[in-house]
file start01.txt (compact mmCIF, C-alpha atoms)
# COMPACT_ATOMS: atom_id res chain seq x y z
CA MET J 1 19.70 -8.12 -38.57
CA THR J 2 18.59 -4.69 -39.73
CA ALA J 3 16.52 -2.41 -37.58
CA VAL J 4 12.83 -2.79 -38.33
CA GLN J 5 10.55 0.24 -38.65
CA VAL J 6 7.25 -0.15 -36.86
CA THR J 7 4.30 2.17 -36.32
CA PRO J 8 2.84 3.02 -32.91
CA GLU J 9 -0.35 1.23 -34.04
CA GLN J 10 1.62 -1.99 -34.55
CA VAL J 11 3.12 -1.66 -31.10
CA TRP J 12 -0.28 -1.06 -29.49
CA ALA J 13 -1.66 -4.09 -31.34
CA ALA J 14 1.21 -6.23 -30.05
CA LEU J 15 0.67 -5.01 -26.49
CA ALA J 16 -3.05 -5.81 -26.77
CA ALA J 17 -1.98 -9.46 -26.86
CA VAL J 18 0.06 -9.28 -23.64
CA PRO J 19 -2.08 -10.84 -20.91
CA ASP J 20 -2.28 -9.57 -17.37
CA PRO J 21 -0.27 -12.29 -15.61
CA GLU J 22 -2.78 -12.59 -12.79
CA ILE J 23 -6.00 -12.27 -14.83
CA PRO J 24 -5.25 -13.84 -18.22
CA VAL J 25 -8.64 -13.00 -19.82
CA VAL J 26 -7.61 -9.36 -20.07
CA SER J 27 -4.53 -7.75 -21.59
CA VAL J 28 -2.31 -5.01 -20.24
CA THR J 29 -3.97 -2.56 -22.68
CA ASP J 30 -7.47 -3.70 -21.63
CA MET J 31 -6.47 -2.87 -18.07
CA GLY J 32 -5.37 0.63 -19.10
CA MET J 33 -1.86 0.00 -17.82
CA VAL J 34 -0.08 1.08 -21.01
CA ARG J 35 -0.01 4.87 -20.93
CA ASP J 36 2.17 5.81 -23.88
CA VAL J 37 3.95 4.38 -26.90
CA THR J 38 6.50 6.40 -28.85
CA VAL J 39 8.43 5.33 -31.92
CA ASP J 40 11.57 7.28 -32.78
CA GLY J 41 13.28 5.75 -35.79
CA GLY J 42 14.21 2.23 -34.74
CA ARG J 43 13.67 2.97 -31.07
CA VAL J 44 10.43 2.15 -29.26
CA SER J 45 9.60 3.27 -25.79
CA VAL J 46 6.58 2.10 -23.83
CA THR J 47 5.37 3.74 -20.62
CA PHE J 48 3.17 1.76 -18.27
CA THR J 49 1.74 2.36 -14.83
CA PRO J 50 1.48 -0.21 -12.05
CA THR J 51 -1.96 -1.18 -10.76
CA PHE J 52 -0.89 -1.58 -7.14
CA SER J 53 2.48 -0.36 -5.87
CA GLY J 54 3.33 -3.67 -4.20
CA CYS J 55 2.10 -5.82 -7.11
CA PRO J 56 4.51 -8.75 -7.47
CA ALA J 57 3.58 -9.17 -11.15
CA LEU J 58 5.19 -5.84 -12.11
CA HIS J 59 8.49 -7.28 -13.29
CA VAL J 60 6.64 -9.96 -15.28
CA ILE J 61 4.54 -7.27 -16.97
CA ARG J 62 7.62 -5.18 -17.71
CA ASP J 63 9.43 -8.17 -19.25
CA SER J 64 6.36 -9.24 -21.25
CA ILE J 65 5.95 -5.76 -22.73
CA GLY J 66 9.60 -5.71 -23.76
CA GLU J 67 9.35 -9.16 -25.32
CA ALA J 68 6.17 -8.32 -27.23
CA VAL J 69 7.82 -5.28 -28.84
CA ARG J 70 11.05 -7.16 -29.59
CA ALA J 71 8.94 -9.87 -31.27
CA LEU J 72 8.03 -7.22 -33.88
CA GLY J 73 11.72 -7.13 -34.78
CA VAL J 74 12.53 -4.01 -32.78
CA GLU J 75 15.89 -4.23 -31.03
CA ASP J 76 15.96 -0.95 -29.17
CA VAL J 77 13.10 -1.15 -26.66
CA GLU J 78 12.71 0.90 -23.51
CA VAL J 79 10.00 0.06 -20.97
CA ARG J 80 9.39 2.81 -18.42
CA SER J 81 6.99 2.99 -15.50
CA THR J 82 5.19 6.05 -14.21
CA LEU J 83 3.02 6.69 -11.17
CA THR J 84 1.26 9.72 -12.63
CA PRO J 85 -1.62 9.82 -13.10
CA PRO J 86 -2.23 6.94 -10.69
CA TRP J 87 -3.92 3.91 -12.23
CA THR J 88 -7.65 3.67 -11.72
CA THR J 89 -10.06 0.82 -12.43
CA ASP J 90 -12.06 3.39 -14.43
CA TRP J 91 -9.49 2.84 -17.21
CA ILE J 92 -10.48 -0.81 -17.68
CA LYS J 93 -12.15 -1.00 -21.10
CA GLU J 94 -15.86 -1.80 -21.50
CA ASP J 95 -15.39 -5.06 -23.40
CA ALA J 96 -12.77 -6.16 -20.88
CA ARG J 97 -15.28 -5.58 -18.07
CA GLU J 98 -17.65 -7.95 -19.81
CA ARG J 99 -14.89 -10.55 -20.15
CA LEU J 100 -14.08 -10.18 -16.46
CA ARG J 101 -17.74 -10.74 -15.63
CA GLN J 102 -17.92 -13.86 -17.81
CA TYR J 103 -14.74 -15.11 -16.15
CA GLY J 104 -16.52 -14.81 -12.78
CA ILE J 105 -14.94 -11.60 -11.53
CA ALA J 106 -17.26 -8.72 -10.67
CA PRO J 107 -15.98 -5.68 -12.59
CA PRO J 108 -15.18 -2.61 -10.49
CA ALA J 109 -17.76 0.06 -9.75
CA PRO J 110 -16.88 3.59 -10.91
CA ALA J 111 -14.05 4.77 -8.65
CA ASP J 112 -14.88 8.47 -8.87
CA GLU J 113 -18.02 8.18 -6.79
CA SER J 114 -16.55 6.76 -3.60
CA PRO J 115 -15.01 9.22 -1.14
CA LEU J 116 -11.34 8.70 -0.56
CA ILE J 117 -11.48 8.02 3.16
CA THR J 118 -14.49 5.85 3.89
CA LEU J 119 -15.03 3.00 6.28
CA ASP J 120 -17.71 1.36 4.09
CA PRO J 121 -17.13 -0.81 1.00
CA GLU J 122 -18.80 0.02 -2.35
CA PRO J 123 -21.87 -1.95 -3.58
CA THR J 124 -21.00 -4.96 -5.72
CA ARG J 125 -23.08 -6.98 -8.17
CA CYS J 126 -22.87 -10.78 -8.52
CA PRO J 127 -21.18 -11.53 -11.89
CA ARG J 128 -23.41 -14.59 -12.40
CA CYS J 129 -26.96 -13.55 -11.50
CA GLY J 130 -26.60 -9.77 -11.23
CA SER J 131 -27.91 -9.56 -7.67
CA LEU J 132 -26.69 -6.80 -5.37
CA ASN J 133 -27.53 -9.03 -2.40
CA VAL J 134 -23.94 -10.12 -1.86
CA ARG J 135 -21.78 -10.57 1.20
CA MET J 136 -18.07 -9.83 1.29
CA THR J 137 -16.28 -12.83 2.77
CA ALA J 138 -12.78 -11.38 2.57
CA SER J 139 -11.81 -7.81 1.84
CA PHE J 140 -8.53 -9.02 0.39
CA GLY J 141 -8.37 -11.78 -2.21
CA PRO J 142 -5.76 -13.90 -3.94
CA THR J 143 -4.32 -10.79 -5.61
CA LEU J 144 -4.01 -7.18 -4.42
CA CYS J 145 -6.69 -5.96 -6.83
CA LYS J 146 -9.56 -8.26 -5.79
CA ARG J 147 -11.82 -9.17 -2.87
CA LEU J 148 -13.93 -12.27 -2.17
CA TYR J 149 -17.73 -12.38 -2.01
CA VAL J 150 -20.63 -14.82 -1.79
CA CYS J 151 -23.90 -14.07 -3.59
CA GLU J 152 -26.84 -14.45 -1.21
CA SER J 153 -29.23 -14.89 -4.16
CA CYS J 154 -27.56 -17.61 -6.24
CA ARG J 155 -25.15 -18.79 -3.50
CA GLU J 156 -22.11 -18.58 -5.81
CA PRO J 157 -18.82 -17.43 -4.36
CA PHE J 158 -16.98 -14.95 -6.59
CA GLU J 159 -14.12 -12.48 -6.79
CA GLY J 160 -14.73 -8.77 -7.20
CA PHE J 161 -12.43 -6.04 -8.43
CA LYS J 162 -11.70 -3.31 -5.92
CA SER J 163 -12.69 0.12 -7.24
CA VAL J 164 -9.51 2.12 -7.16
CA MET K 1 14.24 13.89 -11.02
CA THR K 2 14.41 17.58 -11.80
CA ALA K 3 12.42 18.54 -8.71
CA ALA K 4 15.44 17.68 -6.57
CA MET K 5 17.17 20.67 -8.12
CA THR K 6 14.85 23.10 -6.38
CA LEU K 7 15.64 21.88 -2.85
CA THR K 8 18.28 23.49 -0.66
CA PRO K 9 20.91 21.17 0.86
CA ASN K 10 19.18 21.40 4.25
CA GLN K 11 15.80 20.66 2.70
CA THR K 12 17.27 17.66 0.90
CA GLU K 13 18.80 16.35 4.11
CA THR K 14 15.53 16.78 5.99
CA LEU K 15 13.48 15.19 3.23
CA VAL K 16 15.83 12.20 3.18
CA ARG K 17 15.33 11.90 6.95
CA LYS K 18 11.54 12.08 6.60
CA LEU K 19 11.34 9.63 3.68
CA THR K 20 13.47 7.16 5.62
CA ALA K 21 11.22 7.49 8.69
CA LEU K 22 8.12 6.94 6.56
CA ALA K 23 9.67 3.89 4.91
CA ASP K 24 10.95 2.44 8.19
CA ASP K 25 7.46 2.56 9.73
CA GLU K 26 6.11 0.60 6.77
CA ILE K 27 8.93 -1.95 6.66
CA ILE K 28 8.74 -2.81 10.35
CA LEU K 29 4.94 -2.92 10.45
CA ALA K 30 4.91 -5.11 7.32
CA HIS K 31 7.28 -7.52 9.02
CA ARG K 32 5.11 -7.72 12.13
CA ASP K 33 2.07 -8.38 9.91
CA GLY K 34 4.02 -10.99 8.01
CA GLU K 35 4.60 -12.87 11.25
CA TRP K 36 0.95 -13.95 11.06
CA THR K 37 1.43 -15.67 7.70
CA GLY K 38 0.46 -19.28 8.32
CA HIS K 39 -0.78 -18.40 11.83
CA ALA K 40 -3.80 -16.11 11.35
CA PRO K 41 -7.13 -17.26 12.87
CA ILE K 42 -8.64 -18.09 9.44
CA LEU K 43 -7.27 -18.44 5.92
CA GLU K 44 -8.97 -15.28 4.61
CA GLU K 45 -7.29 -13.20 7.29
CA ASP K 46 -3.96 -14.84 6.65
CA ILE K 47 -4.31 -13.69 3.04
CA ALA K 48 -5.63 -10.26 3.98
CA LEU K 49 -2.80 -9.47 6.33
CA ALA K 50 -0.23 -10.70 3.81
CA ASN K 51 -1.88 -8.38 1.24
CA ILE K 52 -1.70 -5.45 3.62
CA ALA K 53 1.94 -6.19 4.43
CA GLN K 54 2.70 -6.35 0.69
CA ASP K 55 1.07 -2.95 0.13
CA GLU K 56 3.03 -1.42 3.01
CA LEU K 57 6.26 -2.76 1.56
CA GLY K 58 5.20 -1.30 -1.78
CA HIS K 59 4.84 2.09 -0.10
CA ALA K 60 8.22 1.72 1.62
CA GLY K 61 9.70 0.94 -1.80
CA MET K 62 8.24 4.12 -3.25
CA TYR K 63 9.56 6.28 -0.39
CA LEU K 64 13.02 4.77 -0.71
CA GLU K 65 12.97 5.32 -4.47
CA LEU K 66 12.29 9.00 -3.75
CA ARG K 67 15.25 8.94 -1.37
CA ARG K 68 17.39 7.28 -4.05
CA GLU K 69 16.61 10.20 -6.38
CA LEU K 70 17.91 12.57 -3.71
CA ASP K 71 21.03 10.82 -2.44
CA GLY K 72 21.61 7.77 -4.64
CA SER K 73 21.09 5.31 -1.77
CA ASP K 74 20.06 1.71 -2.50
CA PRO K 75 16.67 0.75 -0.99
CA ASP K 76 17.70 -2.89 -0.43
CA ARG K 77 20.89 -1.84 1.37
CA LEU K 78 18.86 0.43 3.62
CA ALA K 79 16.31 -2.25 4.45
CA PHE K 80 18.65 -5.15 5.02
CA PHE K 81 22.02 -3.77 6.08
CA ARG K 82 21.23 -1.05 8.59
CA ASP K 83 21.51 -1.96 12.26
CA VAL K 84 19.02 -1.18 14.97
CA ASP K 85 20.62 2.23 15.61
CA GLY K 86 20.02 3.22 11.99
CA PHE K 87 16.27 2.48 11.93
CA THR K 88 13.95 5.43 12.53
CA ASN K 89 10.55 3.77 12.80
CA VAL K 90 8.12 4.72 15.56
CA ARG K 91 7.99 2.36 18.53
CA LEU K 92 4.30 1.63 17.84
CA VAL K 93 5.15 -0.59 14.86
CA GLU K 94 7.98 -2.58 16.44
CA LEU K 95 5.99 -3.89 19.43
CA PRO K 96 5.50 -7.67 19.20
CA LYS K 97 2.41 -8.73 17.28
CA GLY K 98 0.50 -9.71 20.42
CA ASP K 99 -2.93 -11.28 19.93
CA TRP K 100 -5.27 -10.72 17.00
CA ALA K 101 -6.95 -7.76 18.69
CA PHE K 102 -3.58 -6.09 19.24
CA THR K 103 -2.51 -6.61 15.63
CA MET K 104 -5.82 -5.37 14.18
CA LEU K 105 -6.05 -2.36 16.44
CA ARG K 106 -2.46 -1.31 15.79
CA GLN K 107 -2.99 -1.68 12.05
CA TYR K 108 -6.21 0.35 12.29
CA LEU K 109 -4.57 3.20 14.21
CA PHE K 110 -1.65 3.24 11.78
CA ASP K 111 -3.82 2.92 8.63
CA ALA K 112 -5.97 5.86 9.67
CA TYR K 113 -2.86 7.96 10.27
CA GLU K 114 -1.23 6.86 7.02
CA ALA K 115 -4.37 7.40 4.91
CA LEU K 116 -4.82 10.93 6.29
CA TRP K 117 -1.11 11.80 6.01
CA LEU K 118 -1.08 10.62 2.38
CA ASP K 119 -4.31 12.46 1.66
CA ALA K 120 -2.64 15.66 2.88
CA ALA K 121 0.63 14.88 1.08
CA ARG K 122 -1.20 14.86 -2.26
CA ALA K 123 -1.03 18.65 -2.00
CA SER K 124 2.77 18.65 -1.61
CA THR K 125 4.72 21.16 -3.69
CA TYR K 126 7.33 18.43 -4.23
CA ALA K 127 5.93 16.66 -7.30
CA PRO K 128 7.58 13.23 -6.74
CA LEU K 129 5.97 13.01 -3.29
CA THR K 130 2.61 14.15 -4.63
CA GLU K 131 2.70 11.30 -7.14
CA VAL K 132 3.57 8.68 -4.54
CA ALA K 133 0.90 9.94 -2.14
CA ALA K 134 -1.80 9.90 -4.83
CA LYS K 135 -0.90 6.30 -5.60
CA ALA K 136 -0.58 4.98 -2.06
CA VAL K 137 -3.68 6.63 -0.58
CA ARG K 138 -5.91 4.64 -2.91
CA GLU K 139 -4.49 1.42 -1.50
CA GLU K 140 -4.57 2.57 2.07
CA LYS K 141 -8.32 3.10 2.09
CA PHE K 142 -8.83 -0.66 1.72
CA HIS K 143 -6.64 -1.33 4.73
CA LEU K 144 -8.61 1.15 6.76
CA GLN K 145 -11.98 -0.34 5.78
CA HIS K 146 -10.72 -3.78 6.71
CA THR K 147 -9.14 -2.97 10.04
CA ALA K 148 -11.95 -0.60 11.09
CA LEU K 149 -14.39 -3.48 10.58
CA TRP K 150 -12.20 -5.82 12.61
CA VAL K 151 -11.93 -3.37 15.48
CA GLU K 152 -15.73 -3.09 15.51
CA ARG K 153 -16.22 -6.84 15.29
CA LEU K 154 -13.82 -7.51 18.15
CA ALA K 155 -14.97 -4.66 20.39
CA LEU K 156 -18.66 -5.55 19.96
CA GLY K 157 -18.19 -9.32 19.78
CA THR K 158 -17.92 -11.32 22.99
CA ASP K 159 -16.86 -10.26 26.47
CA GLU K 160 -13.52 -11.89 25.82
CA SER K 161 -12.95 -10.15 22.46
CA HIS K 162 -14.00 -6.83 23.99
CA ARG K 163 -11.63 -7.31 26.93
CA ARG K 164 -8.73 -8.08 24.60
CA THR K 165 -9.48 -5.10 22.35
CA GLN K 166 -9.68 -2.77 25.34
CA ASN K 167 -6.38 -4.16 26.64
CA ALA K 168 -4.82 -3.58 23.24
CA LEU K 169 -6.08 0.01 23.18
CA ASN K 170 -4.73 0.63 26.69
CA GLU K 171 -1.31 -0.57 25.61
CA LEU K 172 -1.20 1.00 22.13
CA TRP K 173 -2.76 4.41 22.68
CA PRO K 174 0.24 6.06 24.39
CA TYR K 175 2.46 4.99 21.48
CA THR K 176 0.32 6.78 18.87
CA ALA K 177 1.53 10.25 19.91
CA GLN K 178 4.91 9.55 18.31
CA LEU K 179 3.27 9.27 14.86
CA PHE K 180 2.71 13.02 14.98
CA GLN K 181 6.18 14.05 16.13
CA PRO K 182 8.11 15.78 13.36
CA VAL K 183 11.62 14.73 12.43
CA GLN K 184 14.43 17.23 12.91
CA ASP K 185 13.86 20.41 10.81
CA GLU K 186 10.57 19.08 9.43
CA GLU K 187 8.86 22.43 10.07
CA GLY K 188 10.96 24.02 7.33
CA LEU K 189 9.56 21.58 4.78
CA VAL K 190 6.03 22.17 6.09
CA GLU K 191 6.50 25.91 5.56
CA ALA K 192 7.67 25.25 2.02
CA GLY K 193 4.55 23.18 1.38
CA ILE K 194 6.64 20.06 0.78
CA LEU K 195 5.30 18.08 3.75
CA PRO K 196 1.89 18.08 5.46
CA ASP K 197 1.53 19.76 8.83
CA LEU K 198 1.40 16.92 11.37
CA ALA K 199 -0.80 18.86 13.77
CA GLY K 200 -3.44 19.13 11.06
CA VAL K 201 -3.16 15.43 10.28
CA ARG K 202 -3.48 14.65 13.98
CA GLY K 203 -6.67 16.70 14.22
CA ARG K 204 -8.27 14.79 11.36
CA TRP K 205 -6.99 11.48 12.76
CA GLU K 206 -8.51 12.10 16.17
CA ALA K 207 -11.78 13.22 14.58
CA LEU K 208 -11.89 9.88 12.73
CA VAL K 209 -10.64 7.32 15.24
CA VAL K 210 -11.85 8.70 18.58
CA PRO K 211 -15.62 8.62 17.76
CA HIS K 212 -15.17 5.25 16.04
CA LEU K 213 -13.41 3.70 19.02
CA THR K 214 -15.58 5.20 21.74
CA GLN K 215 -19.07 5.70 20.26
CA LYS K 216 -19.24 2.97 17.64
CA CYS K 217 -17.09 0.34 19.36
CA GLY K 218 -17.81 1.15 23.01
CA LEU K 219 -14.16 1.26 24.01
CA MET K 220 -12.69 3.54 26.66
CA LEU K 221 -9.80 5.79 25.68
CA PRO K 222 -7.03 5.50 28.25
CA ALA K 223 -5.98 8.72 29.94
CA ALA K 224 -3.41 10.52 27.83
CA SER K 225 0.05 9.71 29.10
CA ALA K 226 2.97 12.09 29.13
CA ALA K 227 4.04 12.69 25.54
CA ALA K 228 6.75 10.32 24.39
CA ALA K 229 9.82 12.48 24.78
CA ALA K 230 12.21 10.14 23.00
CA GLY K 231 12.56 10.48 19.24
CA ARG K 232 12.78 7.99 16.41
CA ASP K 233 16.33 7.02 17.31
CA THR K 234 15.10 5.37 20.51
CA HIS K 235 13.69 1.85 20.31
CA THR K 236 12.25 -0.82 22.54
CA GLU K 237 14.13 -4.08 23.10
CA HIS K 238 11.85 -5.66 20.47
CA LEU K 239 13.39 -4.12 17.35
CA ALA K 240 16.78 -5.86 17.37
CA PRO K 241 15.36 -9.43 17.30
CA LEU K 242 12.95 -8.41 14.54
CA LEU K 243 15.80 -7.05 12.39
CA ALA K 244 17.93 -10.12 13.08
CA GLU K 245 15.21 -12.27 11.56
CA MET K 246 14.19 -9.89 8.76
CA GLN K 247 17.77 -9.30 7.59
CA SER K 248 19.17 -12.79 8.07
CA VAL K 249 18.78 -14.05 4.50
CA ALA K 250 20.09 -10.87 2.86
CA ARG K 251 23.10 -10.83 5.19
CA ALA K 252 23.80 -14.54 4.76
CA VAL K 253 24.02 -14.10 0.97
CA PRO K 254 24.94 -10.44 0.52
CA ASN K 255 25.81 -10.77 -3.15
CA ALA K 256 22.69 -12.65 -4.20
CA GLU K 257 21.26 -11.30 -7.43
CA VAL K 258 18.27 -13.57 -7.77
CA TRP K 259 15.99 -14.25 -4.81

call {"tool": "encode", "arguments": {"input": "start01.txt", "output": "structure tokens"}}
result
Amino acid sequence: MTAVQVTPEQVWAALAAVPDPEIPVVSVTDMGMVRDVTVDGGRVSVTFTPTFSGCPALHVIRDSIGEAVRALGVEDVEVRSTLTPPWTTDWIKEDARERLRQYGIAPPAPADESPLITLDPEPTRCPRCGSLNVRMTASFGPTLCKRLYVCESCREPFEGFKSV
Amino acid sequence: MTAAMTLTPNQTETLVRKLTALADDEIILAHRDGEWTGHAPILEEDIALANIAQDELGHAGMYLELRRELDGSDPDRLAFFRDVDGFTNVRLVELPKGDWAFTMLRQYLFDAYEALWLDAARASTYAPLTEVAAKAVREEKFHLQHTALWVERLALGTDESHRRTQNALNELWPYTAQLFQPVQDEEGLVEAGILPDLAGVRGRWEALVVPHLTQKCGLMLPAASAAAAAGRDTHTEHLAPLLAEMQSVARAVPNAEVW
């Protein structure tokens, strides 16, 4: 098998099809986790950043990225992780926020506005009816990135993204 | 990677000591939190505490990766194959989990300290630590929101919940002083801007937790006890049984490659 030449655009397109293992309606590029793609001859290197440092899906994401690039015919693939700059929910793309909302997950509020050390949670909007009259039922959800709420207006329980 | 080149041998040794202490606090506290898995009062709290424990282990992993860059040590070996004499966690985190009030109050006191220490460490001149602090502080703020709310809820709840929270504070408060004791030679790294000054962190910590505990929650601060003279090499009788459980699987199958 001869080494295949790919463009960075092709690599990005392939990564756009790699789902977040815990929220399959969005991809790793939608989430803003892929920070850099470089192509050097037949060698491709992808840099990604973890969402939460203790996220158990990290090795799955790393493997999936490698597989997606190898599926383009590239043999020499390097997947690196970086902590800098730290991932923020502000990097989640607009159309992905809408998909999260349709999936029943309240997208995150802008992270820049909340002070770093605060004892109060940020306001959250019900993904179904849009009401801000919601009650947090658990400040930690089924994954590290989400919390649980109930909407006091339409009575629906829902998950909300933490603003990080 | 390259930043390690700028440290003197003594600075490297001290930073390794500090990173290990930071990681040990997180590992032992995470294990105590994990003891509630399947036993918390309600399912949501079971999940929440498991989440918090997972984050703390994530932070321990980052600190030990920084240590690996400095001395090549293996994080898993450090966590699972050191004996009680080798652990350098503060005694606060090794105390048995107690009741729910004890666990929540301990986590609150620790989270506030950790969030403020990390906040200060974001200004470190040692770039790898700056990166880790910037990452971890964002996670820590969710712990603090959660445990601050629980302390309020318990202190202002029923007579029984208030009594238990006050008892927990009476027992835990004297142990908090050790969080602000530097490791050997730490002051040199503070002067070099590599580590935050613990006295400054303590000032911010007290300004945050004391009004919250006393004014908002109506708790009484116990009289300050004599400062804990013993360092991080001294433990209570509770650490050895914890390690025996935590390390049992790794030691039973030391060559396991897949968990």

call {"tool": "atom_distance", "arguments": {"input": "start01.txt", "atom1": "atom CA of K:Ala199", "atom2": "atom CA of K:Gly86"}}
result
26.1 Å

call {"tool": "interface_residues", "arguments": {"input": "start01.txt", "of": "chain K", "to": "chain J", "cutoff": "6 Å", "atoms": "all atoms listed in the file", "output": "compact mmCIF listing (two decimals) with C-alpha atoms, in the frame of the given file"}}
result
# COMPACT_ATOMS: atom_id res chain seq x y z
CA GLU K 44 -8.97 -15.28 4.61
CA ALA K 48 -5.63 -10.26 3.98
CA GLN K 54 2.70 -6.35 0.69
CA ASP K 55 1.07 -2.95 0.13
CA GLY K 58 5.20 -1.30 -1.78
CA GLU K 131 2.70 11.30 -7.14
CA LYS K 135 -0.90 6.30 -5.60
CA LYS K 141 -8.32 3.10 2.09
CA GLN K 145 -11.98 -0.34 5.78

call {"tool": "residues_around", "arguments": {"input": "start01.txt", "residues": "K:Ala101", "least_positions_apart": "4", "cutoff": "7 Å", "atoms": "all atoms listed in the file", "output": "PyMOL selection string"}}
result
chain K and resi 105+154+164-165+168

call {"tool": "residues_around", "arguments": {"input": "start01.txt", "residues": "J:Arg101", "least_positions_apart": "2", "cutoff": "12 Å", "atoms": "all atoms listed in the file", "output": "PyMOL selection string"}}
result
chain J and resi 23+25-26+94-99+103-108+124-130+158-161

call {"tool": "atom_distance", "arguments": {"input": "start01.txt", "atom1": "atom CA of K:Met220", "atom2": "atom CA of K:Leu49"}}
result
26.1 Å

call {"tool": "atom_distance", "arguments": {"input": "start01.txt", "atom1": "atom CA of K:Ala244", "atom2": "atom CA of K:Ala40"}}
result
22.6 Å

call {"tool": "closest_residue", "arguments": {"input": "start01.txt", "among": "J:Gly42, J:Pro157, J:Pro123, J:Gly32", "to": "J:Leu72", "atoms": "all atoms listed in the file"}}
result
J:Gly42

call {"tool": "residues_around", "arguments": {"input": "start01.txt", "residues": "J:Glu78", "least_positions_apart": "5", "cutoff": "8 Å", "atoms": "only C-alpha atoms", "output": "PyMOL selection string"}}
result
chain J and resi 43-46+66

call {"tool": "residues_around", "arguments": {"input": "start01.txt", "residues": "K:Leu179", "least_positions_apart": "6", "cutoff": "9 Å", "atoms": "all atoms listed in the file", "output": "list in words"}}
result
Val90, Leu92, Phe110, Tyr113, Leu198 and Arg202 of chain K

call {"tool": "closest_residue", "arguments": {"input": "start01.txt", "among": "K:Tyr63, K:Trp36, K:Trp205, K:Phe81", "to": "K:Phe180", "atoms": "all atoms listed in the file"}}
result
K:Trp205

call {"tool": "residues_near_point", "arguments": {"input": "start01.txt", "point": "(3.6, -3.0, 17.0)", "cutoff": "7 Å", "atoms": "all atoms listed in the file", "output": "list of chain:residue names"}}
result
K:Leu29, K:Arg32, K:Leu92, K:Val93, K:Glu94, K:Leu95, K:Pro96, K:Lys97, K:Arg106

call {"tool": "closest_residue", "arguments": {"input": "start01.txt", "among": "J:Ala71, J:Val79, J:Val18, J:Val6", "to": "J:Arg35", "atoms": "all atoms listed in the file"}}
result
J:Val79

call {"tool": "residues_around", "arguments": {"input": "start01.txt", "residues": "J:Phe48", "least_positions_apart": "6", "cutoff": "6 Å", "atoms": "all atoms listed in the file", "output": "list in words"}}
result
Met33, Val34, Arg35 and Ser81 of chain J

call {"tool": "residues_near_point", "arguments": {"input": "start01.txt", "point": "(13.0, -5.3, -37.2)", "cutoff": "10 Å", "atoms": "all atoms listed in the file", "output": "count of residues only"}}
result
15
